[in-house]
$ cat target.csv   # CSV, N, CA and C atoms
chain,number,residue,atom,x,y,z
A,209,MET,N,-200.6,-267.9,-32.7
A,209,MET,CA,-200.7,-268.0,-31.3
A,209,MET,C,-200.0,-266.9,-30.6
A,210,ALA,N,-199.1,-266.2,-31.3
A,210,ALA,CA,-198.4,-265.1,-30.6
A,210,ALA,C,-199.3,-264.0,-30.2
A,211,ASP,N,-200.3,-263.7,-31.0
A,211,ASP,CA,-201.3,-262.6,-30.6
A,211,ASP,C,-202.5,-263.1,-29.9
A,212,ALA,N,-202.6,-264.4,-29.6
A,212,ALA,CA,-203.7,-265.0,-28.9
A,212,ALA,C,-203.7,-264.6,-27.4
A,213,MET,N,-204.9,-264.3,-26.9
A,213,MET,CA,-205.0,-264.1,-25.5
A,213,MET,C,-205.4,-265.4,-24.8
A,214,ILE,N,-204.8,-265.7,-23.7
A,214,ILE,CA,-205.2,-266.9,-23.0
A,214,ILE,C,-206.3,-266.6,-22.1
A,215,ASP,N,-207.5,-266.9,-22.5
A,215,ASP,CA,-208.7,-266.4,-21.8
A,215,ASP,C,-209.6,-267.6,-21.4
A,216,ASP,N,-209.2,-268.8,-21.7
A,216,ASP,CA,-210.0,-270.0,-21.3
A,216,ASP,C,-209.1,-271.2,-21.1
A,217,GLU,N,-209.6,-272.2,-20.5
A,217,GLU,CA,-208.8,-273.4,-20.3
A,217,GLU,C,-208.3,-274.1,-21.6
A,218,THR,N,-209.1,-274.1,-22.6
A,218,THR,CA,-208.7,-274.7,-23.9
A,218,THR,C,-207.5,-274.0,-24.5
A,219,THR,N,-207.5,-272.6,-24.4
A,219,THR,CA,-206.4,-271.9,-25.0
A,219,THR,C,-205.1,-272.1,-24.1
A,220,LEU,N,-205.3,-272.1,-22.8
A,220,LEU,CA,-204.2,-272.4,-21.8
A,220,LEU,C,-203.6,-273.7,-22.1
A,221,ALA,N,-204.4,-274.8,-22.3
A,221,ALA,CA,-203.9,-276.1,-22.6
A,221,ALA,C,-203.1,-276.1,-23.9
A,222,ALA,N,-203.6,-275.4,-24.9
A,222,ALA,CA,-202.9,-275.4,-26.2
A,222,ALA,C,-201.6,-274.6,-26.0
A,223,ALA,N,-201.5,-273.6,-25.3
A,223,ALA,CA,-200.3,-272.8,-25.1
A,223,ALA,C,-199.3,-273.7,-24.3
A,224,LEU,N,-199.7,-274.4,-23.3
A,224,LEU,CA,-198.8,-275.3,-22.6
A,224,LEU,C,-198.3,-276.4,-23.5
A,225,GLU,N,-199.1,-277.0,-24.4
A,225,GLU,CA,-198.6,-278.0,-25.3
A,225,GLU,C,-197.6,-277.4,-26.2
A,226,ARG,N,-197.8,-276.2,-26.7
A,226,ARG,CA,-196.8,-275.6,-27.6
A,226,ARG,C,-195.5,-275.3,-26.9
A,227,LEU,N,-195.6,-274.8,-25.6
A,227,LEU,CA,-194.3,-274.7,-24.9
A,227,LEU,C,-193.6,-276.0,-24.7
A,228,GLU,N,-194.4,-277.0,-24.4
A,228,GLU,CA,-193.7,-278.3,-24.2
A,228,GLU,C,-193.1,-278.8,-25.5
A,229,ARG,N,-193.7,-278.6,-26.6
A,229,ARG,CA,-193.1,-278.9,-27.9
A,229,ARG,C,-191.8,-278.2,-28.1
A,230,LEU,N,-191.7,-276.9,-27.7
A,230,LEU,CA,-190.5,-276.1,-27.9
A,230,LEU,C,-189.4,-276.5,-26.9
A,231,ASP,N,-189.7,-277.0,-25.8
A,231,ASP,CA,-188.7,-277.4,-24.8
A,231,ASP,C,-189.3,-278.6,-24.0
A,232,PRO,N,-189.3,-279.8,-24.6
A,232,PRO,CA,-189.9,-280.9,-24.0
A,232,PRO,C,-189.2,-281.4,-22.7
A,233,GLN,N,-187.9,-281.2,-22.6
A,233,GLN,CA,-187.2,-281.7,-21.5
A,233,GLN,C,-187.6,-280.8,-20.2
A,234,VAL,N,-187.5,-279.5,-20.3
A,234,VAL,CA,-187.8,-278.7,-19.1
A,234,VAL,C,-189.3,-278.6,-18.9
A,235,ILE,N,-190.0,-278.1,-19.9
A,235,ILE,CA,-191.4,-277.9,-19.7
A,235,ILE,C,-192.2,-279.2,-19.5
A,236,GLY,N,-191.8,-280.3,-20.1
A,236,GLY,CA,-192.4,-281.6,-19.9
A,236,GLY,C,-192.2,-282.0,-18.4
A,237,ALA,N,-190.9,-281.8,-17.9
A,237,ALA,CA,-190.7,-282.2,-16.5
A,237,ALA,C,-191.5,-281.3,-15.6
A,238,MET,N,-191.6,-280.1,-15.9
A,238,MET,CA,-192.4,-279.2,-15.0
A,238,MET,C,-193.9,-279.6,-15.0
A,239,ARG,N,-194.4,-279.9,-16.2
A,239,ARG,CA,-195.8,-280.3,-16.2
A,239,ARG,C,-196.1,-281.6,-15.5
A,240,ARG,N,-195.1,-282.6,-15.7
A,240,ARG,CA,-195.3,-283.9,-15.0
A,240,ARG,C,-195.2,-283.7,-13.5
A,241,ALA,N,-194.3,-282.8,-13.0
A,241,ALA,CA,-194.2,-282.6,-11.6
A,241,ALA,C,-195.3,-281.8,-11.0
A,242,ALA,N,-195.8,-280.7,-11.7
A,242,ALA,CA,-196.7,-279.8,-11.1
A,242,ALA,C,-198.1,-279.8,-11.7
A,243,GLY,N,-198.2,-280.4,-12.9
A,243,GLY,CA,-199.5,-280.3,-13.6
A,243,GLY,C,-199.7,-279.0,-14.2
A,244,ALA,N,-200.9,-278.8,-14.7
A,244,ALA,CA,-201.1,-277.5,-15.4
A,244,ALA,C,-201.4,-276.4,-14.4
A,245,PRO,N,-200.9,-275.2,-14.7
A,245,PRO,CA,-201.2,-274.1,-13.8
A,245,PRO,C,-202.6,-273.7,-13.9
A,246,PRO,N,-203.2,-273.1,-12.9
A,246,PRO,CA,-204.6,-272.7,-13.0
A,246,PRO,C,-204.7,-271.4,-13.9
A,247,LEU,N,-205.8,-271.3,-14.5
A,247,LEU,CA,-206.1,-270.1,-15.3
A,247,LEU,C,-206.4,-269.0,-14.3
A,248,ARG,N,-205.7,-267.9,-14.3
A,248,ARG,CA,-205.9,-266.8,-13.4
A,248,ARG,C,-206.4,-265.6,-14.1
A,249,ARG,N,-207.5,-265.1,-13.8
A,249,ARG,CA,-208.0,-263.9,-14.5
A,249,ARG,C,-208.0,-262.8,-13.5
A,250,ARG,N,-207.7,-261.6,-14.0
A,250,ARG,CA,-207.7,-260.4,-13.3
A,250,ARG,C,-208.5,-259.3,-14.0
A,251,ALA,N,-209.0,-258.4,-13.3
A,251,ALA,CA,-209.6,-257.3,-13.9
A,251,ALA,C,-208.6,-256.5,-14.8
A,252,PRO,N,-209.1,-256.0,-15.9
A,252,PRO,CA,-208.2,-255.2,-16.8
A,252,PRO,C,-207.8,-253.9,-16.1
A,253,GLY,N,-206.7,-253.3,-16.6
A,253,GLY,CA,-206.3,-252.0,-16.2
A,253,GLY,C,-205.6,-251.9,-14.9
A,254,LEU,N,-205.7,-250.8,-14.2
A,254,LEU,CA,-205.0,-250.5,-13.0
A,254,LEU,C,-205.4,-251.5,-11.9
A,255,GLU,N,-206.7,-251.8,-11.8
A,255,GLU,CA,-207.2,-252.7,-10.8
A,255,GLU,C,-206.5,-254.1,-10.9
A,256,GLY,N,-206.4,-254.6,-12.0
A,256,GLY,CA,-205.7,-255.9,-12.2
A,256,GLY,C,-204.3,-255.9,-11.9
A,257,LEU,N,-203.6,-254.8,-12.3
A,257,LEU,CA,-202.2,-254.7,-12.1
A,257,LEU,C,-201.9,-254.5,-10.6
A,258,VAL,N,-202.8,-253.8,-9.9
A,258,VAL,CA,-202.6,-253.6,-8.4
A,258,VAL,C,-202.8,-255.0,-7.8
A,259,ALA,N,-203.7,-255.8,-8.2
A,259,ALA,CA,-203.9,-257.1,-7.6
A,259,ALA,C,-202.7,-258.0,-7.9
A,260,ILE,N,-202.1,-257.9,-9.0
A,260,ILE,CA,-201.0,-258.7,-9.3
A,260,ILE,C,-199.8,-258.3,-8.4
A,261,ILE,N,-199.6,-257.0,-8.2
A,261,ILE,CA,-198.5,-256.6,-7.4
A,261,ILE,C,-198.7,-257.0,-5.9
A,262,ILE,N,-200.0,-256.8,-5.5
A,262,ILE,CA,-200.3,-257.2,-4.1
A,262,ILE,C,-200.0,-258.7,-3.8
A,263,SER,N,-200.4,-259.5,-4.8
A,263,SER,CA,-200.3,-261.0,-4.6
A,263,SER,C,-198.9,-261.6,-4.7
A,264,GLN,N,-197.9,-260.8,-5.1
A,264,GLN,CA,-196.6,-261.3,-5.2
A,264,GLN,C,-196.0,-261.6,-3.8
A,265,GLN,N,-195.5,-262.9,-3.7
A,265,GLN,CA,-194.8,-263.3,-2.5
A,265,GLN,C,-195.6,-263.3,-1.2
A,266,VAL,N,-196.9,-263.4,-1.3
A,266,VAL,CA,-197.7,-263.6,-0.1
A,266,VAL,C,-198.7,-264.7,-0.4
A,267,SER,N,-199.3,-265.2,0.6
A,267,SER,CA,-200.3,-266.3,0.4
A,267,SER,C,-201.6,-265.7,-0.3
A,268,VAL,N,-202.3,-266.6,-0.8
A,268,VAL,CA,-203.6,-266.2,-1.5
A,268,VAL,C,-204.5,-265.5,-0.5
A,269,ALA,N,-204.6,-266.1,0.7
A,269,ALA,CA,-205.5,-265.5,1.8
A,269,ALA,C,-205.0,-264.1,2.1
A,270,SER,N,-203.7,-263.9,2.3
A,270,SER,CA,-203.2,-262.5,2.6
A,270,SER,C,-203.4,-261.6,1.5
A,271,ALA,N,-203.2,-262.0,0.2
A,271,ALA,CA,-203.4,-261.2,-0.9
A,271,ALA,C,-204.9,-260.7,-1.0
A,272,ARG,N,-205.8,-261.6,-0.8
A,272,ARG,CA,-207.2,-261.3,-0.8
A,272,ARG,C,-207.6,-260.3,0.3
A,273,ALA,N,-207.0,-260.5,1.5
A,273,ALA,CA,-207.3,-259.5,2.6
A,273,ALA,C,-206.8,-258.1,2.2
A,274,ILE,N,-205.5,-258.1,1.7
A,274,ILE,CA,-204.9,-256.8,1.4
A,274,ILE,C,-205.7,-256.1,0.2
A,275,GLU,N,-206.0,-256.9,-0.8
A,275,GLU,CA,-206.8,-256.4,-1.9
A,275,GLU,C,-208.1,-255.8,-1.4
A,276,GLY,N,-208.8,-256.5,-0.5
A,276,GLY,CA,-210.0,-256.0,0.1
A,276,GLY,C,-209.9,-254.7,0.8
A,277,ARG,N,-208.8,-254.6,1.6
A,277,ARG,CA,-208.5,-253.3,2.3
A,277,ARG,C,-208.2,-252.2,1.3
A,278,VAL,N,-207.4,-252.5,0.3
A,278,VAL,CA,-207.1,-251.4,-0.7
A,278,VAL,C,-208.4,-251.0,-1.4
A,279,ALA,N,-209.2,-251.9,-1.8
A,279,ALA,CA,-210.5,-251.6,-2.5
A,279,ALA,C,-211.4,-250.7,-1.6
A,280,ASP,N,-211.4,-251.0,-0.3
A,280,ASP,CA,-212.2,-250.2,0.7
A,280,ASP,C,-211.6,-248.9,0.9
A,281,ALA,N,-210.3,-248.8,0.9
A,281,ALA,CA,-209.7,-247.5,1.2
A,281,ALA,C,-209.7,-246.5,0.0
A,282,PHE,N,-209.7,-247.1,-1.2
A,282,PHE,CA,-209.6,-246.3,-2.4
A,282,PHE,C,-210.8,-246.6,-3.4
A,283,ARG,N,-211.8,-245.8,-3.2
A,283,ARG,CA,-213.0,-246.0,-4.1
A,283,ARG,C,-213.3,-244.7,-4.8
A,284,PRO,N,-213.1,-244.6,-6.0
A,284,PRO,CA,-212.6,-245.6,-6.9
A,284,PRO,C,-211.1,-245.7,-6.9
A,285,LEU,N,-210.6,-246.9,-7.2
A,285,LEU,CA,-209.2,-247.1,-7.3
A,285,LEU,C,-208.6,-246.4,-8.5
A,286,ASP,N,-207.9,-245.4,-8.3
A,286,ASP,CA,-207.2,-244.7,-9.5
A,286,ASP,C,-205.8,-244.3,-9.2
A,287,ALA,N,-205.1,-243.9,-10.2
A,287,ALA,CA,-203.7,-243.6,-10.1
A,287,ALA,C,-203.5,-242.4,-9.2
A,288,ALA,N,-204.3,-241.4,-9.3
A,288,ALA,CA,-204.2,-240.1,-8.5
A,288,ALA,C,-204.4,-240.4,-7.1
A,289,ALA,N,-205.3,-241.3,-6.7
A,289,ALA,CA,-205.5,-241.6,-5.3
A,289,ALA,C,-204.3,-242.3,-4.7
A,290,LEU,N,-203.7,-243.3,-5.5
A,290,LEU,CA,-202.5,-244.0,-5.0
A,290,LEU,C,-201.4,-243.0,-4.8
A,291,LEU,N,-201.2,-242.1,-5.8
A,291,LEU,CA,-200.1,-241.1,-5.6
A,291,LEU,C,-200.3,-240.2,-4.5
A,292,ALA,N,-201.5,-239.9,-4.1
A,292,ALA,CA,-201.8,-238.9,-3.1
A,292,ALA,C,-201.7,-239.6,-1.7
A,293,ALA,N,-201.8,-240.9,-1.6
A,293,ALA,CA,-201.9,-241.6,-0.3
A,293,ALA,C,-200.5,-241.5,0.4
A,294,ASP,N,-200.6,-241.3,1.7
A,294,ASP,CA,-199.3,-241.3,2.4
A,294,ASP,C,-199.0,-242.7,2.9
A,295,ASP,N,-197.8,-242.9,3.4
A,295,ASP,CA,-197.3,-244.2,3.8
A,295,ASP,C,-198.3,-244.9,4.8
A,296,ASP,N,-198.7,-244.1,5.8
A,296,ASP,CA,-199.6,-244.7,6.8
A,296,ASP,C,-200.9,-245.3,6.3
A,297,ARG,N,-201.5,-244.6,5.3
A,297,ARG,CA,-202.7,-245.1,4.7
A,297,ARG,C,-202.4,-246.4,3.9
A,298,LEU,N,-201.3,-246.4,3.2
A,298,LEU,CA,-201.0,-247.6,2.4
A,298,LEU,C,-200.6,-248.8,3.3
A,299,ARG,N,-199.8,-248.4,4.3
A,299,ARG,CA,-199.4,-249.5,5.3
A,299,ARG,C,-200.6,-250.0,6.0
A,300,GLY,N,-201.6,-249.2,6.3
A,300,GLY,CA,-202.8,-249.6,7.0
A,300,GLY,C,-203.6,-250.6,6.2
A,301,CYS,N,-203.4,-250.6,4.9
A,301,CYS,CA,-204.0,-251.7,4.0
A,301,CYS,C,-203.2,-253.0,4.1
A,302,GLY,N,-202.0,-253.0,4.6
A,302,GLY,CA,-201.2,-254.2,4.7
A,302,GLY,C,-200.1,-254.2,3.7
A,303,LEU,N,-199.9,-253.1,3.0
A,303,LEU,CA,-198.8,-253.0,2.0
A,303,LEU,C,-197.4,-252.8,2.6
A,304,SER,N,-196.5,-253.6,2.1
A,304,SER,CA,-195.1,-253.5,2.5
A,304,SER,C,-194.5,-252.2,1.8
A,305,ALA,N,-193.3,-251.8,2.3
A,305,ALA,CA,-192.6,-250.7,1.7
A,305,ALA,C,-192.3,-251.0,0.2
A,306,PRO,N,-191.8,-252.2,-0.2
A,306,PRO,CA,-191.6,-252.4,-1.6
A,306,PRO,C,-192.9,-252.4,-2.5
A,307,LYS,N,-194.0,-252.9,-1.9
A,307,LYS,CA,-195.2,-252.8,-2.7
A,307,LYS,C,-195.7,-251.4,-2.8
A,308,MET,N,-195.6,-250.6,-1.8
A,308,MET,CA,-195.9,-249.2,-1.9
A,308,MET,C,-195.1,-248.5,-3.0
A,309,ARG,N,-193.8,-248.7,-3.0
A,309,ARG,CA,-193.0,-248.1,-4.0
A,309,ARG,C,-193.4,-248.6,-5.4
A,310,THR,N,-193.7,-249.9,-5.6
A,310,THR,CA,-194.2,-250.4,-6.9
A,310,THR,C,-195.5,-249.8,-7.3
A,311,LEU,N,-196.4,-249.7,-6.4
A,311,LEU,CA,-197.8,-249.1,-6.7
A,311,LEU,C,-197.6,-247.7,-7.1
A,312,ARG,N,-196.8,-247.0,-6.4
A,312,ARG,CA,-196.6,-245.5,-6.7
A,312,ARG,C,-195.9,-245.4,-8.1
A,313,ALA,N,-195.0,-246.2,-8.4
A,313,ALA,CA,-194.3,-246.2,-9.7
A,313,ALA,C,-195.3,-246.5,-10.8
A,314,LEU,N,-196.2,-247.5,-10.5
A,314,LEU,CA,-197.3,-247.8,-11.5
A,314,LEU,C,-198.2,-246.6,-11.7
A,315,ALA,N,-198.6,-246.0,-10.6
A,315,ALA,CA,-199.5,-244.9,-10.7
A,315,ALA,C,-198.9,-243.7,-11.4
A,316,ALA,N,-197.6,-243.5,-11.1
A,316,ALA,CA,-196.9,-242.4,-11.8
A,316,ALA,C,-196.8,-242.7,-13.3
A,317,ALA,N,-196.6,-243.9,-13.7
A,317,ALA,CA,-196.5,-244.3,-15.1
A,317,ALA,C,-197.8,-244.1,-15.8
A,318,ILE,N,-198.9,-244.2,-15.1
A,318,ILE,CA,-200.2,-244.1,-15.7
A,318,ILE,C,-200.5,-242.6,-15.9
$ encode --input "target.csv" --output "structure tokens"
Amino acid sequence: MADAMIDDETTLAAALERLERLDPQVIGAMRRAAGAPPLRRRAPGLEGLVAIIISQQVSVASARAIEGRVADAFRPLDAAALLAADDDRLRGCGLSAPKMRTLRALAAAI
């Protein structure tokens, strides 16, 4: 299971069951209180990582709107374009200063 990718509901359920067996008190209580988490899929590579960063600490609706503006502003979305973008362009997409720093760090790492 350590090398398995969680790419469908069956695999997610099996992973949750394994976690609950490892820590029945905490994980069991979490599952009883909240149920199973939804399977969330993202595009691979930079696009998926950008979406994950954008979605942190904002509502789903806000994240989708910002992701849409980023996709429109950067076609194709690549590390060089993110690094070259000034603050006004990124802020215009709805990105906060911390998200801009994180996206630039990601782009620089790539």
$ closest_residue --input "target.csv" --among "A:Ala271, A:Val258, A:Ala287, A:Leu224" --to "Ala316 in chain A" --atoms "all atoms listed in the file"
A:Ala287
$ residues_near_point --input "target.csv" --point "(-206.0, -250.4, -1.4)" --cutoff "9 Å" --atoms "only C-alpha atoms" --output "PDB file with N, CA and C atoms, in the frame of the given file"
ATOM      1  N   VAL A 258    -202.800-253.800  -9.900  1.00  0.00           N
ATOM      2  CA  VAL A 258    -202.600-253.600  -8.400  1.00  0.00           C
ATOM      3  C   VAL A 258    -202.800-255.000  -7.800  1.00  0.00           C
ATOM      4  N   ILE A 274    -205.500-258.100   1.700  1.00  0.00           N
ATOM      5  CA  ILE A 274    -204.900-256.800   1.400  1.00  0.00           C
ATOM      6  C   ILE A 274    -205.700-256.100   0.200  1.00  0.00           C
ATOM      7  N   GLU A 275    -206.000-256.900  -0.800  1.00  0.00           N
ATOM      8  CA  GLU A 275    -206.800-256.400  -1.900  1.00  0.00           C
ATOM      9  C   GLU A 275    -208.100-255.800  -1.400  1.00  0.00           C
ATOM     10  N   GLY A 276    -208.800-256.500  -0.500  1.00  0.00           N
ATOM     11  CA  GLY A 276    -210.000-256.000   0.100  1.00  0.00           C
ATOM     12  C   GLY A 276    -209.900-254.700   0.800  1.00  0.00           C
ATOM     13  N   ARG A 277    -208.800-254.600   1.600  1.00  0.00           N
ATOM     14  CA  ARG A 277    -208.500-253.300   2.300  1.00  0.00           C
ATOM     15  C   ARG A 277    -208.200-252.200   1.300  1.00  0.00           C
ATOM     16  N   VAL A 278    -207.400-252.500   0.300  1.00  0.00           N
ATOM     17  CA  VAL A 278    -207.100-251.400  -0.700  1.00  0.00           C
ATOM     18  C   VAL A 278    -208.400-251.000  -1.400  1.00  0.00           C
ATOM     19  N   ALA A 279    -209.200-251.900  -1.800  1.00  0.00           N
ATOM     20  CA  ALA A 279    -210.500-251.600  -2.500  1.00  0.00           C
ATOM     21  C   ALA A 279    -211.400-250.700  -1.600  1.00  0.00           C
ATOM     22  N   ASP A 280    -211.400-251.000  -0.300  1.00  0.00           N
ATOM     23  CA  ASP A 280    -212.200-250.200   0.700  1.00  0.00           C
ATOM     24  C   ASP A 280    -211.600-248.900   0.900  1.00  0.00           C
ATOM     25  N   ALA A 281    -210.300-248.800   0.900  1.00  0.00           N
ATOM     26  CA  ALA A 281    -209.700-247.500   1.200  1.00  0.00           C
ATOM     27  C   ALA A 281    -209.700-246.500   0.000  1.00  0.00           C
ATOM     28  N   PHE A 282    -209.700-247.100  -1.200  1.00  0.00           N
ATOM     29  CA  PHE A 282    -209.600-246.300  -2.400  1.00  0.00           C
ATOM     30  C   PHE A 282    -210.800-246.600  -3.400  1.00  0.00           C
ATOM     31  N   ARG A 283    -211.800-245.800  -3.200  1.00  0.00           N
ATOM     32  CA  ARG A 283    -213.000-246.000  -4.100  1.00  0.00           C
ATOM     33  C   ARG A 283    -213.300-244.700  -4.800  1.00  0.00           C
ATOM     34  N   LEU A 285    -210.600-246.900  -7.200  1.00  0.00           N
ATOM     35  CA  LEU A 285    -209.200-247.100  -7.300  1.00  0.00           C
ATOM     36  C   LEU A 285    -208.600-246.400  -8.500  1.00  0.00           C
ATOM     37  N   LEU A 290    -203.700-243.300  -5.500  1.00  0.00           N
ATOM     38  CA  LEU A 290    -202.500-244.000  -5.000  1.00  0.00           C
ATOM     39  C   LEU A 290    -201.400-243.000  -4.800  1.00  0.00           C
ATOM     40  N   ARG A 297    -201.500-244.600   5.300  1.00  0.00           N
ATOM     41  CA  ARG A 297    -202.700-245.100   4.700  1.00  0.00           C
ATOM     42  C   ARG A 297    -202.400-246.400   3.900  1.00  0.00           C
ATOM     43  N   LEU A 298    -201.300-246.400   3.200  1.00  0.00           N
ATOM     44  CA  LEU A 298    -201.000-247.600   2.400  1.00  0.00           C
ATOM     45  C   LEU A 298    -200.600-248.800   3.300  1.00  0.00           C
ATOM     46  N   CYS A 301    -203.400-250.600   4.900  1.00  0.00           N
ATOM     47  CA  CYS A 301    -204.000-251.700   4.000  1.00  0.00           C
ATOM     48  C   CYS A 301    -203.200-253.000   4.100  1.00  0.00           C
ATOM     49  N   GLY A 302    -202.000-253.000   4.600  1.00  0.00           N
ATOM     50  CA  GLY A 302    -201.200-254.200   4.700  1.00  0.00           C
ATOM     51  C   GLY A 302    -200.100-254.200   3.700  1.00  0.00           C
ATOM     52  N   LEU A 303    -199.900-253.100   3.000  1.00  0.00           N
ATOM     53  CA  LEU A 303    -198.800-253.000   2.000  1.00  0.00           C
ATOM     54  C   LEU A 303    -197.400-252.800   2.600  1.00  0.00           C
TER      55      LEU A 303
END
$ closest_atom_pairs --input "target.csv" --of "range 246-265 of chain A" --to "range 211-220 of chain A" --cutoff "8 Å" --atoms "only N, CA and C atoms" --output "CSV"
residue,atom,partner,partner_atom,distance
A:Pro246,C,A:Glu217,CA,7.9
A:Leu247,CA,A:Glu217,CA,6.6
A:Arg248,N,A:Ile214,C,7.9
A:Arg249,CA,A:Asp215,CA,7.7
$ write_last_selection --input "target.csv" --atoms "N, CA and C atoms" --output "compact mmCIF listing (two decimals), keeping the file's coordinate frame"
# COMPACT_ATOMS: atom_id res chain seq x y z
N PRO A 246 -203.20 -273.10 -12.90
CA PRO A 246 -204.60 -272.70 -13.00
C PRO A 246 -204.70 -271.40 -13.90
N LEU A 247 -205.80 -271.30 -14.50
CA LEU A 247 -206.10 -270.10 -15.30
C LEU A 247 -206.40 -269.00 -14.30
N ARG A 248 -205.70 -267.90 -14.30
CA ARG A 248 -205.90 -266.80 -13.40
C ARG A 248 -206.40 -265.60 -14.10
N ARG A 249 -207.50 -265.10 -13.80
CA ARG A 249 -208.00 -263.90 -14.50
C ARG A 249 -208.00 -262.80 -13.50
$ closest_residue --input "target.csv" --among "A:Leu230, A:Leu254, A:Val268, A:Ala273" --to "Leu314 in chain A" --atoms "all atoms listed in the file"
A:Leu254
$ closest_residue --input "target.csv" --among "A:Ala251, A:Leu227, A:Ile235, A:Ala315" --to "Asp286 in chain A" --atoms "only N, CA and C atoms"
A:Ala315
$ atom_distance --input "target.csv" --atom1 "CA of Arg272 in chain A" --atom2 "atom N of Pro306 in chain A"
17.9 Å
$ atom_distance --input "target.csv" --atom1 "CA of Thr310 in chain A" --atom2 "atom N of Pro245 in chain A"
26.8 Å
$ atom_distance --input "target.csv" --atom1 "atom N of Gly300 in chain A" --atom2 "CA of Ile262 in chain A"
13.2 Å
$ decode --input "target.csv" --residues "range 275-295 of chain A" --atoms "N, CA and C atoms" --output "tab-separated table (two decimals), in the first residue's frame"
chain	number	residue	atom	x	y	z
A	275	GLU	N	-8.55	30.25	-9.76
A	275	GLU	CA	-7.93	29.31	-10.71
A	275	GLU	C	-8.30	29.69	-12.14
A	276	GLY	N	-9.55	30.07	-12.35
A	276	GLY	CA	-9.98	30.47	-13.69
A	276	GLY	C	-9.25	31.70	-14.18
A	277	ARG	N	-9.09	32.68	-13.29
A	277	ARG	CA	-8.38	33.91	-13.67
A	277	ARG	C	-6.90	33.62	-13.95
A	278	VAL	N	-6.29	32.75	-13.15
A	278	VAL	CA	-4.89	32.38	-13.39
A	278	VAL	C	-4.77	31.66	-14.74
A	279	ALA	N	-5.67	30.74	-15.01
A	279	ALA	CA	-5.64	30.01	-16.28
A	279	ALA	C	-5.80	30.96	-17.47
A	280	ASP	N	-6.68	31.95	-17.32
A	280	ASP	CA	-6.87	32.92	-18.40
A	280	ASP	C	-5.66	33.83	-18.58
A	281	ALA	N	-5.03	34.19	-17.48
A	281	ALA	CA	-3.90	35.12	-17.53
A	281	ALA	C	-2.60	34.47	-18.00
A	282	PHE	N	-2.48	33.17	-17.79
A	282	PHE	CA	-1.22	32.47	-18.11
A	282	PHE	C	-1.52	31.26	-18.99
A	283	ARG	N	-1.49	31.49	-20.29
A	283	ARG	CA	-1.69	30.39	-21.24
A	283	ARG	C	-0.47	30.30	-22.12
A	284	PRO	N	0.27	29.26	-22.06
A	284	PRO	CA	0.14	28.13	-21.14
A	284	PRO	C	0.69	28.50	-19.76
A	285	LEU	N	0.19	27.81	-18.76
A	285	LEU	CA	0.69	28.02	-17.40
A	285	LEU	C	2.03	27.31	-17.29
A	286	ASP	N	3.08	28.09	-17.11
A	286	ASP	CA	4.40	27.48	-16.92
A	286	ASP	C	5.20	28.29	-15.91
A	287	ALA	N	6.27	27.69	-15.43
A	287	ALA	CA	7.08	28.29	-14.38
A	287	ALA	C	7.66	29.63	-14.82
A	288	ALA	N	8.13	29.72	-16.03
A	288	ALA	CA	8.74	30.96	-16.52
A	288	ALA	C	7.74	32.11	-16.50
A	289	ALA	N	6.51	31.85	-16.89
A	289	ALA	CA	5.48	32.89	-16.90
A	289	ALA	C	5.17	33.36	-15.48
A	290	LEU	N	5.10	32.43	-14.54
A	290	LEU	CA	4.85	32.82	-13.15
A	290	LEU	C	6.00	33.66	-12.60
A	291	LEU	N	7.22	33.27	-12.90
A	291	LEU	CA	8.38	34.03	-12.42
A	291	LEU	C	8.44	35.42	-13.03
A	292	ALA	N	8.01	35.56	-14.26
A	292	ALA	CA	8.08	36.85	-14.95
A	292	ALA	C	6.94	37.78	-14.57
A	293	ALA	N	5.87	37.27	-14.00
A	293	ALA	CA	4.70	38.08	-13.69
A	293	ALA	C	4.98	39.04	-12.53
A	294	ASP	N	4.53	40.27	-12.68
A	294	ASP	CA	4.70	41.22	-11.59
A	294	ASP	C	3.54	41.07	-10.58
A	295	ASP	N	3.70	41.73	-9.44
A	295	ASP	CA	2.70	41.62	-8.38
A	295	ASP	C	1.30	42.04	-8.85
